[in-house]
Amino acid sequence: MAIPDFRTTDATAVRASVALLDGPLDLTRPTPCSGWTLADLLAHMTVQHLGFAAAARGEAWPLERWAPRPLGADPAADYAAAADEVIAAFAAVDLETPIALAELAPAPLPAWRGIGAHAIDYVVHGWDVATTLGLAWELPEEVLRQALPIAESVPGTTTAFAAALPAPADASTMDRILLRLGRAPR
């Protein structure tokens, strides 16, 4: 069985999420993530990029470092820098290398699985940011088709996502992803 390579899917979603932040940001706006403002979401997304990048480089990133930190003076620039860091780290890692992701699993995972987890998070968190800002969230269908099986592999209830919602037969690929991970597309 060929090992799936989610790096392009991940990089596409991450870069698209960075592009959403080009403009004035009201960090107090509520997001589709229950109880989170845009500031909370950006802080979470930034630390996730840094943690996954460290893991891909083989660096220790203990559980306490996964906690979001207060945003700096230019949250969009900080987020973009963290995004570049994780994309570069994923590009350099061998897909079979075990990486330690303390927030996701008690034992190291093959890098390809970690990259897949990161990719689905940014397909969905990009949608969260776009929805918060009233912007369109459009990813290439090939990216969504690669992300859908990752979403479908997530248990129906997890601590990372809300409970899965039923998908109508005519749901788009993006809507299927969102519904599987507890987001109401409309």
# chains A, B, ... in the order shown; residues from 1 in each chain; ligands from 1
>>> residues_around(residues="Thr37 (chain A)", least_positions_apart="4", cutoff="10 Å", atoms="only C-alpha atoms", output="number ranges by chain")
A: 26-33, 41-43, 129, 132
>>> write_last_selection(atoms="N, CA, C and O atoms", output="PDB file, in the first residue's frame")
ATOM      1  N   ASP A  26     -11.152  42.138  12.852  1.00  0.00           N
ATOM      2  CA  ASP A  26     -11.826  42.360  14.128  1.00  0.00           C
ATOM      3  C   ASP A  26     -11.656  41.083  14.930  1.00  0.00           C
ATOM      4  O   ASP A  26     -12.382  40.109  14.731  1.00  0.00           O
ATOM      5  N   LEU A  27     -10.669  41.070  15.796  1.00  0.00           N
ATOM      6  CA  LEU A  27     -10.311  39.868  16.546  1.00  0.00           C
ATOM      7  C   LEU A  27     -11.351  39.483  17.590  1.00  0.00           C
ATOM      8  O   LEU A  27     -11.270  38.395  18.167  1.00  0.00           O
ATOM      9  N   THR A  28     -12.332  40.348  17.819  1.00  0.00           N
ATOM     10  CA  THR A  28     -13.366  40.041  18.813  1.00  0.00           C
ATOM     11  C   THR A  28     -14.552  39.290  18.205  1.00  0.00           C
ATOM     12  O   THR A  28     -15.444  38.852  18.932  1.00  0.00           O
ATOM     13  N   ARG A  29     -14.575  39.138  16.894  1.00  0.00           N
ATOM     14  CA  ARG A  29     -15.708  38.466  16.231  1.00  0.00           C
ATOM     15  C   ARG A  29     -15.816  37.017  16.683  1.00  0.00           C
ATOM     16  O   ARG A  29     -14.807  36.314  16.767  1.00  0.00           O
ATOM     17  N   PRO A  30     -17.033  36.548  16.921  1.00  0.00           N
ATOM     18  CA  PRO A  30     -17.208  35.122  17.261  1.00  0.00           C
ATOM     19  C   PRO A  30     -16.985  34.257  16.023  1.00  0.00           C
ATOM     20  O   PRO A  30     -17.201  34.693  14.897  1.00  0.00           O
ATOM     21  N   THR A  31     -16.526  33.042  16.253  1.00  0.00           N
ATOM     22  CA  THR A  31     -16.258  32.087  15.165  1.00  0.00           C
ATOM     23  C   THR A  31     -17.234  30.919  15.265  1.00  0.00           C
ATOM     24  O   THR A  31     -17.929  30.768  16.271  1.00  0.00           O
ATOM     25  N   PRO A  32     -17.242  30.050  14.262  1.00  0.00           N
ATOM     26  CA  PRO A  32     -18.046  28.836  14.365  1.00  0.00           C
ATOM     27  C   PRO A  32     -17.542  27.868  15.451  1.00  0.00           C
ATOM     28  O   PRO A  32     -18.233  26.918  15.787  1.00  0.00           O
ATOM     29  N   CYS A  33     -16.355  28.103  15.973  1.00  0.00           N
ATOM     30  CA  CYS A  33     -15.820  27.290  17.066  1.00  0.00           C
ATOM     31  C   CYS A  33     -16.448  27.808  18.358  1.00  0.00           C
ATOM     32  O   CYS A  33     -16.156  28.933  18.783  1.00  0.00           O
ATOM     33  N   LEU A  41      -9.109  31.733  17.902  1.00  0.00           N
ATOM     34  CA  LEU A  41      -8.877  30.804  16.797  1.00  0.00           C
ATOM     35  C   LEU A  41      -7.493  31.015  16.190  1.00  0.00           C
ATOM     36  O   LEU A  41      -6.759  30.047  15.956  1.00  0.00           O
ATOM     37  N   LEU A  42      -7.109  32.267  15.958  1.00  0.00           N
ATOM     38  CA  LEU A  42      -5.778  32.539  15.391  1.00  0.00           C
ATOM     39  C   LEU A  42      -4.664  32.111  16.340  1.00  0.00           C
ATOM     40  O   LEU A  42      -3.630  31.581  15.897  1.00  0.00           O
ATOM     41  N   ALA A  43      -4.856  32.316  17.635  1.00  0.00           N
ATOM     42  CA  ALA A  43      -3.850  31.877  18.608  1.00  0.00           C
ATOM     43  C   ALA A  43      -3.715  30.349  18.555  1.00  0.00           C
ATOM     44  O   ALA A  43      -2.598  29.809  18.565  1.00  0.00           O
ATOM     45  N   VAL A 129     -12.364  30.567   9.709  1.00  0.00           N
ATOM     46  CA  VAL A 129     -11.895  31.953   9.563  1.00  0.00           C
ATOM     47  C   VAL A 129     -12.688  32.665   8.464  1.00  0.00           C
ATOM     48  O   VAL A 129     -13.150  33.795   8.658  1.00  0.00           O
ATOM     49  N   THR A 132     -16.132  33.487   9.668  1.00  0.00           N
ATOM     50  CA  THR A 132     -16.058  34.574  10.650  1.00  0.00           C
ATOM     51  C   THR A 132     -15.924  35.927   9.962  1.00  0.00           C
ATOM     52  O   THR A 132     -16.538  36.909  10.384  1.00  0.00           O
TER      53      THR A 132
END
>>> closest_residue(among="A:Ala130, A:Ala163, A:Ala55, A:His125", to="Thr97 (chain A)", atoms="only C-alpha atoms")
A:Ala55
>>> select_by_dssp(residues="chain A", states="alpha helix (DSSP H)", output="ChimeraX atom specification")
/A:7-19,38-56,75-92,111-133,141-153,173-180
>>> closest_atom_pairs(of="region 51-168 of chain A", to="region 2-11 of chain A", cutoff="9 Å", atoms="only C-alpha atoms", output="CSV")
residue,atom,partner,partner_atom,distance
A:Ala83,CA,A:Ala11,CA,8.6
A:Asp84,CA,A:Ala11,CA,9.0
A:Val86,CA,A:Ala11,CA,8.7
A:Ile87,CA,A:Ala11,CA,5.9
A:Phe90,CA,A:Arg7,CA,6.7
A:Ala91,CA,A:Arg7,CA,6.9
A:Leu95,CA,A:Asp5,CA,7.3
A:Glu96,CA,A:Ile3,CA,8.1
A:Trp112,CA,A:Asp5,CA,6.2
A:Arg113,CA,A:Pro4,CA,8.5
A:Ile115,CA,A:Phe6,CA,6.1
A:Gly116,CA,A:Phe6,CA,5.5
A:His118,CA,A:Asp10,CA,6.8
A:Ala119,CA,A:Asp10,CA,4.2
A:Ile120,CA,A:Asp10,CA,7.6
A:Asp121,CA,A:Asp10,CA,8.9
A:Tyr122,CA,A:Asp10,CA,7.1
A:Val123,CA,A:Asp10,CA,7.9
A:Glu142,CA,A:Thr9,CA,8.3
A:Val143,CA,A:Thr9,CA,5.1
A:Leu144,CA,A:Thr9,CA,8.0
A:Gln146,CA,A:Thr9,CA,7.1
A:Ala147,CA,A:Thr9,CA,7.4
>>> select_by_dssp(residues="region 63-139 of chain A", states="strand (DSSP E)", output="ChimeraX atom specification")
/A:98-99,109-110
>>> write_last_selection(atoms="all heavy atoms", output="mmCIF file, in the first residue's frame")
data_model
loop_
_atom_site.group_PDB
_atom_site.id
_atom_site.type_symbol
_atom_site.label_atom_id
_atom_site.label_comp_id
_atom_site.auth_asym_id
_atom_site.auth_seq_id
_atom_site.Cartn_x
_atom_site.Cartn_y
_atom_site.Cartn_z
ATOM 1 N N PRO A 98 8.545 8.691 12.447
ATOM 2 C CA PRO A 98 7.623 8.917 13.560
ATOM 3 C C PRO A 98 7.797 10.339 14.106
ATOM 4 O O PRO A 98 8.924 10.814 14.276
ATOM 5 C CB PRO A 98 8.055 7.884 14.612
ATOM 6 C CG PRO A 98 8.995 6.955 13.920
ATOM 7 C CD PRO A 98 9.551 7.688 12.740
ATOM 8 N N ILE A 99 6.670 11.009 14.329
ATOM 9 C CA ILE A 99 6.714 12.348 14.917
ATOM 10 C C ILE A 99 5.848 12.356 16.169
ATOM 11 O O ILE A 99 4.798 11.716 16.220
ATOM 12 C CB ILE A 99 6.288 13.456 13.925
ATOM 13 C CG1 ILE A 99 4.856 13.273 13.434
ATOM 14 C CG2 ILE A 99 7.252 13.507 12.741
ATOM 15 C CD1 ILE A 99 4.337 14.424 12.569
ATOM 16 N N LEU A 109 3.404 9.208 15.838
ATOM 17 C CA LEU A 109 2.672 8.766 14.651
ATOM 18 C C LEU A 109 3.594 8.887 13.445
ATOM 19 O O LEU A 109 4.477 9.747 13.429
ATOM 20 C CB LEU A 109 1.477 9.684 14.388
ATOM 21 C CG LEU A 109 0.445 9.898 15.469
ATOM 22 C CD1 LEU A 109 -0.481 11.050 15.092
ATOM 23 C CD2 LEU A 109 -0.341 8.628 15.652
ATOM 24 N N PRO A 110 3.358 8.086 12.401
ATOM 25 C CA PRO A 110 4.118 8.334 11.172
ATOM 26 C C PRO A 110 3.813 9.755 10.676
ATOM 27 O O PRO A 110 2.678 10.231 10.801
ATOM 28 C CB PRO A 110 3.572 7.288 10.192
ATOM 29 C CG PRO A 110 2.852 6.280 11.024
ATOM 30 C CD PRO A 110 2.419 6.982 12.270
#
>>> closest_residue(among="A:Ala102, A:Ala73, A:Ala92, A:Leu25", to="Gln48 (chain A)", atoms="only C-alpha atoms")
A:Ala102
